[in-house]
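Peer 1: Got a structure for you, questions after.
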Amino acid sequence: MEEEKQRSILLESASRFPPPQGVKLSYGTSGFRADASILASTVFRVGILAALRSLKTRSVIGLMITASHNRVSDNGIKIADPHGGMMTQEWEPFADAIANASDAEDLVQLISQFVKKENIPFGGVQSAEILLARDTRPSGEALLEAAKQGISAIIGAIAVNMGILTTPQLHWMVRCRNKGMKASECDYYTQLSSSFGCLMDLVPTEMMSDAVDVKLTVDGANGVGGEKLEELKKQLKGLVIEVKNSGKEGEGILNEGVGADFVQKEKVVPCGFGSNDDGIRCASLDGDADRLVYFRVLSRNSSSIDLVDGDKILSLFALFIKEQLFILCKEEKEENAYLVKLGVVQTAYANGASTDYLKQLGLEVVLTPTGVKYLHEKAAEYDIGIYFEANGHGTILFSEHFCCWLEGRNNDLASTDEGSECQKAALRLLAVSKLINQAVGDALSGLLLVEAILQYMGWSIQRWSELYKDLPSRQLKVKVADRTAVITANEETVVVKPLGLQEAINTEIAKYPQARSFIRPSGTEDVIRVYAEASTQEAADSLAQSVARHVDHFLGFGSSHK
Ligand code: G16
């Protein structure tokens, strides 16, 4: 009876959201993304999926409406699982299936089959709760309404509108709610500012050097991150932040000539930055503030920058964590020693020089395909797993087991060796585990950790940038008729299909010393991405162009590379 009622509610509400004709949607690198005008039905259906996920896991689930670094007219939807990370990959085929169901009948049938297969308590026997948020895109409000209707189409499911948030804020809230911890936006700022304060208090006095300017200038990508950073900075001591491209009326368009994706790919200053910023420490967020890169404007007469990308943020974090672990463990008696498993996760986009540097530090480095869902999963296998994509997406994961051990060690030291270097290292690591977002990469928390470490090291941005010299690289994108025709293997470093394309790429690579190149279909845009690295910028540019021409030849309609 209840099931019948549930079926008819689903049928009735789904008929109000007909799917777009002739479009095939795919869950992609990070949820569904497309032009906002065609997304209402997808978002409605993902609302249903989130409610089912909440029923299945008996936990709070998150739904974020954003297209992150994509242009303002696009939008998208990402799902946060109970632990705050991306939705389990096991449900992605179901997400694809319901997004592409041809009509309400087809959709309800797919749902009924899935609910039976997964043994989901259906028809009002249990409640479900979904936290909803959106970025600042104009299409967000209407799409959020569609998501709410999808959630309400499942009996017992409640949608809680958290308003405008950064993606990492929503993921953080979902994680905290499910752990029974404080989870409001205000709690988020308090946790970040207090753990940052703790790290700053632990900066050795001799390191309080003039080399580290207290001022940081941040490009907010004209998105939600700028507004939230303004909020956060009210609670910070020891750091002066100026936010440009904050998204205020008339300041500019979201992600257009601004933001972490633009700065990292184009390697030029974002709009609003110029000669006055010459030499100072600058950072750039993306449209939903889950990516962070740093840069320094190079000269008064040009738009060129010294880019400090995700790889260098990763290297800085790895160096700091390794040093604290060394201080913490060096005096430990052998019988008590705990061998901390520290690992680093990158993708094929990582600059070769960064991987060499991390290996020289003696760290274990592993590669995964692009997408935080892959990196996060791998990093969670360590006591401390540090993951970053070159594009600035990443975080540091601390295992529960390691955190318990660390708390215990700190308590012991507090009673036997209070104020020692060893205890300070324990306190620093505990503060990092609270500052850095444990759910997902977060530009705001990452930025505070970078700032605290630079203070600790007494380093300017230039000194940081000199950790190693990046190999020159180039990224291009090629529009093709069907990007799904490209199949890759070995963490996206080898093209398996179309046949012959990898051989053509290999022939190009062999023409340049120290060269490397790969291609992959984007998971967020309708393009094939090309990456090339070589010993000179000219060689990297020329290699990228020739590989792009092969992509065009094999798959394209003879189009442009950008
Ligand atoms: C998303 C993922 C990132 C990934 C990026 C790649 O970023 O969250 O992990 O690096 O997509 O995009 P593509 O597949 O187009 O190369 P975001 O910031 O857009 O959510």
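All residue names refer to the structure tokens as shown: chains lettered A, B, ... in order, residues numbered from 1 in each chain, ligands numbered from 1 in order.
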May I have a table of the residues of chain A lying at most 10 Å from ligand 1, giving each one's closest pair of atoms and their distance in Å to one decimal, counting only C-alpha atoms and all ligand atoms, ordered by chain and ascending residue number, as a Markdown table?
Peer 2:
| residue | atom | partner | partner_atom_place_in_ligand_line | distance |
| --- | --- | --- | --- | --- |
| A:Gly28 | CA | ligand 1 | 14 (O) | 7.3 |
| A:Thr29 | CA | ligand 1 | 14 (O) | 5.2 |
| A:Ser30 | CA | ligand 1 | 8 (O) | 4.9 |
| A:Gly31 | CA | ligand 1 | 20 (O) | 8.3 |
| A:Arg33 | CA | ligand 1 | 19 (O) | 9.2 |
| A:Thr66 | CA | ligand 1 | 20 (O) | 8.3 |
| A:Ala67 | CA | ligand 1 | 19 (O) | 6.4 |
| A:Ser68 | CA | ligand 1 | 19 (O) | 4.6 |
| A:His69 | CA | ligand 1 | 19 (O) | 4.8 |
| A:Asn70 | CA | ligand 1 | 19 (O) | 6.5 |
| A:Gly76 | CA | ligand 1 | 20 (O) | 9.5 |
| A:Ile77 | CA | ligand 1 | 20 (O) | 9.8 |
| A:Lys78 | CA | ligand 1 | 20 (O) | 8.6 |
| A:Met86 | CA | ligand 1 | 8 (O) | 9.1 |
| A:Thr167 | CA | ligand 1 | 20 (O) | 8.7 |
| A:Ala260 | CA | ligand 1 | 18 (O) | 9.0 |
| A:Asp261 | CA | ligand 1 | 18 (O) | 8.0 |
| A:Leu285 | CA | ligand 1 | 18 (O) | 9.8 |
| A:Asp286 | CA | ligand 1 | 18 (O) | 6.9 |
| A:Gly287 | CA | ligand 1 | 18 (O) | 7.8 |
| A:Asp288 | CA | ligand 1 | 18 (O) | 7.4 |
| A:Ala289 | CA | ligand 1 | 18 (O) | 8.0 |
| A:Asp290 | CA | ligand 1 | 18 (O) | 6.1 |
| A:Arg291 | CA | ligand 1 | 18 (O) | 6.1 |
| A:Leu292 | CA | ligand 1 | 18 (O) | 9.7 |
| A:Thr347 | CA | ligand 1 | 10 (O) | 8.9 |
| A:Tyr349 | CA | ligand 1 | 10 (O) | 9.2 |
| A:Pro369 | CA | ligand 1 | 10 (O) | 9.2 |
| A:Thr370 | CA | ligand 1 | 10 (O) | 5.4 |
| A:Gly371 | CA | ligand 1 | 9 (O) | 3.3 |
| A:Val372 | CA | ligand 1 | 9 (O) | 4.0 |
| A:Lys373 | CA | ligand 1 | 9 (O) | 6.9 |
| A:Tyr374 | CA | ligand 1 | 9 (O) | 8.3 |
| A:Leu375 | CA | ligand 1 | 9 (O) | 8.2 |
| A:His376 | CA | ligand 1 | 9 (O) | 9.5 |
| A:Phe388 | CA | ligand 1 | 9 (O) | 9.0 |
| A:Glu389 | CA | ligand 1 | 10 (O) | 6.3 |
| A:Ala390 | CA | ligand 1 | 10 (O) | 8.2 |
| A:Asn391 | CA | ligand 1 | 10 (O) | 6.5 |
| A:Gly392 | CA | ligand 1 | 10 (O) | 8.3 |
| A:His393 | CA | ligand 1 | 9 (O) | 6.2 |
| A:Gly394 | CA | ligand 1 | 9 (O) | 8.2 |
| A:Val440 | CA | ligand 1 | 8 (O) | 9.4 |
| A:Gly441 | CA | ligand 1 | 8 (O) | 8.8 |
| A:Lys477 | CA | ligand 1 | 16 (O) | 9.5 |
| A:Arg520 | CA | ligand 1 | 16 (O) | 7.9 |
| A:Pro521 | CA | ligand 1 | 14 (O) | 6.9 |
| A:Ser522 | CA | ligand 1 | 14 (O) | 3.8 |
| A:Gly523 | CA | ligand 1 | 14 (O) | 3.5 |
| A:Thr524 | CA | ligand 1 | 15 (O) | 3.9 |
| A:Glu525 | CA | ligand 1 | 15 (O) | 5.3 |
| A:Asp526 | CA | ligand 1 | 15 (O) | 8.2 |
| A:Val527 | CA | ligand 1 | 15 (O) | 8.0 |
| A:Ile528 | CA | ligand 1 | 16 (O) | 8.5 |
| A:Arg529 | CA | ligand 1 | 16 (O) | 6.8 |
| A:Val530 | CA | ligand 1 | 16 (O) | 9.8 |
Peer 1: Would you list, as a list in words, the residues of region 276-378 of chain A that end up in strand (DSSP E or B) under DSSP run on this structure's backbone?
Peer 2: Asp278, Cys282, Ala283, Ser284, Leu285, Leu292, Val293, Tyr294, Phe295, Arg296, Val297, Ser304, Ile305, Asp306, Leu307, Val308, Leu342, Gly343, Val344, Val345, Gln346, Glu364, Val365, Val366 and Leu367 of chain A
Peer 1: Could the residues of region 419-533 of chain A that have an atom at most 12 Å from region 173-185 of chain A be listed as JSON lines, each with its closest atom pair and the distance in Å to one decimal, counting only C-alpha atoms and ordered by chain and ascending residue number?
Peer 2:
{"residue": "A:Lys434", "atom": "CA", "partner": "A:Cys176", "partner_atom": "CA", "distance": 11.9}
{"residue": "A:Asn437", "atom": "CA", "partner": "A:Arg175", "partner_atom": "CA", "distance": 10.0}
{"residue": "A:Gln438", "atom": "CA", "partner": "A:Arg175", "partner_atom": "CA", "distance": 8.4}
{"residue": "A:Ala439", "atom": "CA", "partner": "A:Arg175", "partner_atom": "CA", "distance": 6.6}
{"residue": "A:Val440", "atom": "CA", "partner": "A:Arg175", "partner_atom": "CA", "distance": 10.0}
Peer 1: Looking at A:Phe17, A:Gly123, A:Ser420, A:Glu364, which one is nearest to Glu2 (chain A), with distances taken over only C-alpha atoms?
Peer 2: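 Closest residue, counting only C-alpha atoms: A:Gly123.
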Peer 1: For the structure I just gave you, how does DSSP split region 210-389 of chain A - specifically, which residues are alpha helix (DSSP H)? Reply as a VMD selection string.
Peer 2: chain A and resid 224 to 233 260 to 266 310 to 329 352 to 360 372 to 379
Peer 1: State, in Å with one decimal place, the distance from CA of Ala481 (chain A) to CA of Ile98 (chain A).
Peer 2: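 Here the two named atoms are 24.4 Å from each other.
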Peer 1: Counting only C-alpha atoms, what is within 8 Å of Leu501 (chain A), bar same-chain residues fewer than 3 positions away, as JSON, numbers by chain?
Peer 2: {"A": [495, 497, 498, 504, 505, 550, 551, 554]}
Peer 1: Those selected residues, please, written with C-alpha atoms and delivered as a compact mmCIF listing (two decimals), in the first residue's frame.
Peer 2:
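Dumped to result_31.txt:
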# COMPACT_ATOMS: atom_id res chain seq x y z
CA VAL A 495 45.59 5.52 -24.81
CA LYS A 497 41.45 3.35 -27.98
CA PRO A 498 41.36 4.52 -30.73
CA ALA A 504 51.44 8.34 -32.89
CA ILE A 505 51.87 10.08 -29.51
CA HIS A 550 46.84 13.61 -33.87
CA VAL A 551 43.79 13.74 -31.61
CA PHE A 554 41.84 10.37 -35.15
Peer 1: With distances taken over only C-alpha atoms, which residue among A:Leu307, A:Ile487, A:Ile154, A:Val243 lies nearest Phe262 (chain A)?
Peer 2: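 Under the stated criterion, the closest residue is A:Leu307.
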Peer 1: Go through A:Ser54, A:Gln149, A:Ser284, A:Gln113 and flag the residue nearest Ala40 (chain A), using only C-alpha atoms for the distances.
Peer 2: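 When distances to Ala40 (chain A) are compared using only C-alpha atoms, the smallest one comes from A:Gln149.
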